[in-house]
Each structure stands twice: as structure tokens, then as C-alpha cells.
Amino acid sequence: MKVHVSTYGCSASQASAEIMKASIRDKGHDLVPEKDADVLVINTCTVKYTTEQKILHKIGAAGDSGKEVIVSGCMPEVQLEDILNQNPQAHILGVNSVSKVTDIIDSLGSDKGSIQVFMEEPEGFQNVPRIRYNPNIHICQLSQGCNFSCSYCIVSIARGKLQSFKPQEIVSDIKAAVSEGCREIWLTSQDNGQYGNDGDVLLPELLRMICDIPGKFKVRVGMMNPFSVAPILEDLLDAFDNDKIYKLLHLPIQSASDDVLERMNRYHTISAANDIIHRFRERFTDFTLFTDIIVGFPGESDEDFKKTLSWVEFYRPDKVNISRYTPRPHTKAWDLRKIDSRIIVRRSNELHGLCESIKLESKNAMIGWDGEVFISKEAKTKGMMARTDSYKPVVIPECHISPGVMCRVRVYDATAGYFLGNIVE
């Protein structure tokens with residue numbers, strides 16, 4: 001069979017696509033561009049309405065063109081009816097069932113109608129072959145699911161309760177990736193801070209186990225919610241104090257108003273999130289902060305939004321993922337009264353403008369910086385992409401050093417997405 005895999009969403013979704021592509025290849029099928037495919041595997045995301053609509057259109061159009069369609073990822077778990085309305089012949093692969101993709105492909109043409117595979121337990125996420133999007137980066141999923149229920153979040157419904165993968169399996173998976181040449185390890189899940197709450201080994205201890213793996217590599221710890229970081233903060237700070245871990249904290253606040261956070265069912269106050277940020281900044285002088293903010297959540301007043309603007313001005317995060325609130329089916333916020341979309345657009349634009357001005361000031365302040373960087377991968381245009389200890393991206397145009405090597409650079413310019421640097425002899 002000629003198969004194409006397209007994927008949407010987070011790094012965990014990307015990791016699932018890497019696993020499915022390797023499984024398809026190893027079963028003797030051909031991975032081809034979408035236009036040449038007989039079978040289209042669509043690995044879905046349902047966090048945002050706009051993404052959902054794009055995917056549903058693709059599912060319907062692929063079926064109309066005569067292609068066999070396999071839909072995997074989060075959408076089948078919560079929007080199966082929508083998928084089948086678009087394409088009644090679509091085949092379905094539940095979010096835990098990536099290891100079964102070739103079972104469906106091998107069954108095509110048997111006139112069984114829509115084949116649907118849903119598994120209660122996640123299978124085949126660790127220690128399996130991959131076709132990586134980047135051969136230097138290994139995405140390691142730590143767990144499936146979430147034990148919390150933010151009122152806007154459909155993903156926790158799709159992925160179910162927390163199921164942490166065994167620490168020994170994770171360490172073995174990363175050790176194999178490093179031996180295969182990977183020099184960056186991305187740890188991902190719905191919320192990395194929850195890792196091990198259903199077991200004996202929590203995230204800080206897991207990080208220490210990972211850092212004990214021999215080899216030259218760096219670890220990027222993905223998103224952690226404030227309410228999952230707070231109980232492990234002291235141990236987490238100690239675990240981060242290792243040369244192998246990027247000093248990057250991705251801590252979604254979603255809003256700086258406690259009233260909005262309460263309606264979001266976020267389980268934390270803004271002061272609790274602030275305390276975590278202060279503690280990281282006290283511990284690590286070179287530190288990068290990412291956050292997520294939802295604009296226009298039901299009931300958000302002008303005063304609530306001003307609190308968020310003030311927070312951004314004060315804490316000056318290096319990156320803000322801004323989402324305009326859209327209701328998601330099956331969530332607690334679905335029936336809440338919506339804010340006028342024109343207000344949401346205005347607030348979103350204002351927040352984007354503030355974040356861009358802060359980013360520009362931060363980038364200009366970085367010009368002239370001189371320090372050690374870790375060579376990560378080939379740059380998209382020319383040279384190599386490197387990362388500072390706090391994960392700031394530096395492209396070195398005239399560079400032929402292999403990934404995994406440390407070198408000293410001086411930053412001489414900045415673009416919208418990265419810095420430019422020269423190697424200092």
C-alpha cells in the first residue's frame with residue numbers, strides 16, 4: 001500500500017506519528033507524498049475549533065477523492081460522530097492504539113466497512129522504531145492522560161486519566177535514542193508535572209535517572225501546570241540543576257485573574273504560579289519562560305484582562321501561546337455564556353502586540369551576548385542550530401560542527417524566530 005501520514009497538534013501527537021510511520025514502513029508499505037497515497041492516515045488534534053474544522057474537511061475531501069482514510073489521535077475519542085458524518089467509510093484508531101495502525105491497513109479491501117480499534121491501555125509508545133521528523137531529536141512521551149479537569153479542556157476527556165509509563169521503560173527508550181545519535185530529548189505528555197502521581201517515581205527522580213544516562217545530549221522538559229509543579233517544586237529545582245537539562249520552564253497560567261482561573265477549574269491561583277516562576281529565576285540566572293494564555297474565556301471582564309496584560313508586562317515571558325477561547329464539546333465550559341467575538345479579537349490583538357514588543361526588546365538585549373551553546377541540529381537554511389543553556393535558539397550560518405558538541409558563540413543579530421551567532425575561537 002502507498003500510505004501518507006499527516007499529523008496535527010502537540011509533540012505527543014508528533015511522536016505517535018513517528019511511531020506509526022516506522023510501523024507502516026516495517027510492514028512493507030510505502031510512505032509517499034499525500035498526492036500519491038492510496039491510504040491517508042490523519043493523526044488529529046481537537047484543542048482548537050479552527051484545527052478541528054480543517055481536519056474534518058480533510059477527512060471528507062480524502063474520502064471523496066477515493067482514498068482510504070484512517071483517523072487517529074484525540075478526535076476519535078470525543079468526536080467520532082463528526083468524523084463519520086464527514087466520511088462514513090473512515091477507519092478509526094483510538095488515541096491509545098497507535099501500534100495497531102498496520103492491522104487496519106492490512107485489513108483494507110476486505111469489505112468490512114469502517115474498522116474501529118479502541119484500546120483502554122496505551123500500547124507501543126516506548127522502545128519501538130521511529131521515523132523521526134528530525135534525526136537529532138527524540139520525543140519521549142512520559143504518560144497518557146490527566147487527573148485534572150480544566151473546564152475548557154477536551155484533551156483530558158479524550159486521553160482519560162493519568163497512566164504514567166514505567167521509569168525503566170522511559171530510561172531504556174532514551175538510552176536507545178542517544179545510541180542512535182539523538183542529541184535532544186523532548187519529554188512530553190499532557191502535563192509532565194503529573195508524572196508518577198499514579199506510581200512510585202515522580203518527575204524529579206525520573207529526570208535524575210535520565211541525566212545519569214551516558215552520552216552528550218540535552219533534555220527539554222515540556223509543559224507542566226502550576227498545580228502539578230507546586231507539590232514537587234523543591235525537588236524539581238534540584239533536578240533541573242543539571243547541565244543536561246535546559247533551563248526552560250513552560251508553565252501555562254491561562255489567565256492572571258483568580259476569578260477566571262476559578263471558572264476555568266485550574267486548581268491554582270496566580271500567586272502560586274508566580275511563586276514557581278520566582279523560585280526558578282532565583283535558582284537559574286539564564287532562564288527562559290514559556291506560558292499559555294486563553295483570551296476571552298466566558299465571564300472574563302475588562303479588569304480580568306488588564307490583570308493578564310499587567311502580568312505579561314511584569315514577568316516578560318519569552319514566548320506566549322495565545323488562544324482565543326472557543327467552546328469545545330463535552331467540556332464543563334461548553335454551556336457558559338460566550339463573550340462577543342469582537343471583544344475577543346480586540347483583546348487577542350492587544351495581547352499579541354504587547355508580547356511582540358517584549359520579544360523585540362529581549363532580542364535586542366541579547367545582541368552581543370557571548371557564551372556556550374549546544375549544537376542541536378542542522379538549521380533550515382544554512383549552518384547549524386544551537387541552543388543556549390536556557391534553550392534560546394542561535395543559528396550559526398558558518399558552522400559544520402556535529403550535533404552534541406558544545407562551542408562558544410557571540411550573537412551578532414536577531415530575526416523573528418532565532419538569533420544569529422558566530423563561533424568565538
# chains A, B, ... in the order shown; residues from 1 in each chain; ligands from 1

$ closest_atom_pairs --of "stretch 152-229 of chain A" --to "stretch 314-327 of chain A" --cutoff "12 Å" --atoms "only C-alpha atoms" --output "JSON lines"
{"residue": "A:Tyr152", "atom": "CA", "partner": "A:Pro327", "partner_atom": "CA", "distance": 6.9}
{"residue": "A:Cys153", "atom": "CA", "partner": "A:Pro327", "partner_atom": "CA", "distance": 9.1}
{"residue": "A:Ile154", "atom": "CA", "partner": "A:Pro327", "partner_atom": "CA", "distance": 9.4}
{"residue": "A:Met223", "atom": "CA", "partner": "A:Asn321", "partner_atom": "CA", "distance": 11.7}

$ select_by_dssp --residues "stretch 286-364 of chain A" --states "alpha helix (DSSP H)" --output "number ranges by chain"
A: 302-315, 341-364

$ select_by_dssp --residues "stretch 261-408 of chain A" --states "strand (DSSP E or B)" --output "ChimeraX atom specification"
/A:288-295,319-324,370-378,384-387,393-396,406-408

$ closest_residue --among "A:Gln126, A:Cys150, A:Leu187, A:Pro76" --to "A:Ile170" --atoms "only C-alpha atoms"
A:Gln126

$ closest_residue --among "A:Ser114, A:Ser257, A:Asn85, A:Ser13" --to "A:Ile139" --atoms "only C-alpha atoms"
A:Ser13

$ atom_distance --atom1 "atom CA of A:Gln168" --atom2 "atom CA of A:Phe290"
29.1 Å

$ atom_distance --atom1 "atom CA of A:Thr415" --atom2 "atom CA of A:Arg132"
26.8 Å

$ atom_distance --atom1 "atom CA of A:Asn127" --atom2 "atom CA of A:Ala176"
7.7 Å

$ decode --residues "stretch 157-192 of chain A" --atoms "N, CA and C atoms" --output "compact mmCIF listing (two decimals), in the first residue's frame"
# COMPACT_ATOMS: atom_id res chain seq x y z
N ILE A 157 -10.46 14.72 28.39
CA ILE A 157 -11.57 13.79 28.14
C ILE A 157 -11.15 12.75 27.11
N ALA A 158 -10.43 13.20 26.08
CA ALA A 158 -10.01 12.30 25.01
C ALA A 158 -8.98 11.28 25.49
N ARG A 159 -8.05 11.73 26.33
CA ARG A 159 -6.94 10.85 26.72
C ARG A 159 -7.14 10.14 28.05
N GLY A 160 -8.18 10.52 28.80
CA GLY A 160 -8.52 9.79 30.01
C GLY A 160 -7.64 10.13 31.20
N LYS A 161 -7.75 9.31 32.23
CA LYS A 161 -7.00 9.51 33.46
C LYS A 161 -5.51 9.20 33.25
N LEU A 162 -4.70 9.76 34.14
CA LEU A 162 -3.24 9.62 34.04
C LEU A 162 -2.81 8.16 34.08
N GLN A 163 -1.98 7.81 33.12
CA GLN A 163 -1.32 6.50 33.10
C GLN A 163 0.16 6.74 32.78
N SER A 164 0.98 6.75 33.83
CA SER A 164 2.41 7.01 33.67
C SER A 164 3.11 5.77 33.16
N PHE A 165 4.00 5.96 32.18
CA PHE A 165 4.79 4.83 31.69
C PHE A 165 5.90 4.53 32.69
N LYS A 166 6.33 3.28 32.73
CA LYS A 166 7.31 2.84 33.74
C LYS A 166 8.64 3.56 33.54
N PRO A 167 9.26 4.03 34.64
CA PRO A 167 10.51 4.78 34.50
C PRO A 167 11.61 3.99 33.81
N GLN A 168 11.67 2.69 34.07
CA GLN A 168 12.71 1.87 33.43
C GLN A 168 12.52 1.83 31.92
N GLU A 169 11.25 1.80 31.48
CA GLU A 169 10.98 1.80 30.04
C GLU A 169 11.36 3.14 29.41
N ILE A 170 11.10 4.22 30.13
CA ILE A 170 11.45 5.55 29.62
C ILE A 170 12.96 5.69 29.50
N VAL A 171 13.68 5.28 30.53
CA VAL A 171 15.14 5.36 30.51
C VAL A 171 15.71 4.51 29.38
N SER A 172 15.18 3.31 29.21
CA SER A 172 15.63 2.43 28.13
C SER A 172 15.36 3.05 26.76
N ASP A 173 14.20 3.67 26.62
CA ASP A 173 13.82 4.32 25.37
C ASP A 173 14.78 5.45 25.03
N ILE A 174 15.11 6.29 26.02
CA ILE A 174 16.01 7.42 25.79
C ILE A 174 17.43 6.95 25.56
N LYS A 175 17.85 5.93 26.29
CA LYS A 175 19.20 5.39 26.11
C LYS A 175 19.38 4.89 24.68
N ALA A 176 18.37 4.22 24.15
CA ALA A 176 18.45 3.74 22.77
C ALA A 176 18.50 4.90 21.79
N ALA A 177 17.72 5.95 22.06
CA ALA A 177 17.70 7.11 21.16
C ALA A 177 19.07 7.79 21.13
N VAL A 178 19.69 7.92 22.30
CA VAL A 178 21.02 8.54 22.35
C VAL A 178 22.03 7.70 21.59
N SER A 179 21.93 6.38 21.71
CA SER A 179 22.85 5.50 20.98
C SER A 179 22.63 5.58 19.47
N GLU A 180 21.40 5.99 19.06
CA GLU A 180 21.09 6.15 17.63
C GLU A 180 21.50 7.53 17.10
N GLY A 181 22.03 8.38 17.97
CA GLY A 181 22.53 9.67 17.53
C GLY A 181 21.69 10.86 17.91
N CYS A 182 20.60 10.66 18.64
CA CYS A 182 19.77 11.80 19.06
C CYS A 182 20.53 12.62 20.12
N ARG A 183 20.48 13.93 19.97
CA ARG A 183 21.20 14.81 20.89
C ARG A 183 20.28 15.74 21.67
N GLU A 184 18.99 15.73 21.34
CA GLU A 184 18.00 16.43 22.13
C GLU A 184 16.88 15.46 22.47
N ILE A 185 16.50 15.45 23.73
CA ILE A 185 15.40 14.62 24.20
C ILE A 185 14.27 15.54 24.65
N TRP A 186 13.13 15.42 24.01
CA TRP A 186 11.96 16.22 24.40
C TRP A 186 11.04 15.33 25.23
N LEU A 187 10.80 15.72 26.48
CA LEU A 187 9.88 14.99 27.34
C LEU A 187 8.50 15.61 27.20
N THR A 188 7.52 14.78 26.85
CA THR A 188 6.19 15.31 26.56
C THR A 188 5.12 14.45 27.22
N SER A 189 3.98 15.06 27.42
CA SER A 189 2.76 14.40 27.92
C SER A 189 1.71 15.49 28.00
N GLN A 190 0.55 15.16 28.53
CA GLN A 190 -0.46 16.20 28.70
C GLN A 190 -0.04 17.19 29.77
N ASP A 191 0.71 16.71 30.76
CA ASP A 191 1.24 17.57 31.82
C ASP A 191 2.38 16.80 32.47
N ASN A 192 3.62 17.18 32.14
CA ASN A 192 4.78 16.44 32.65
C ASN A 192 4.86 16.47 34.18
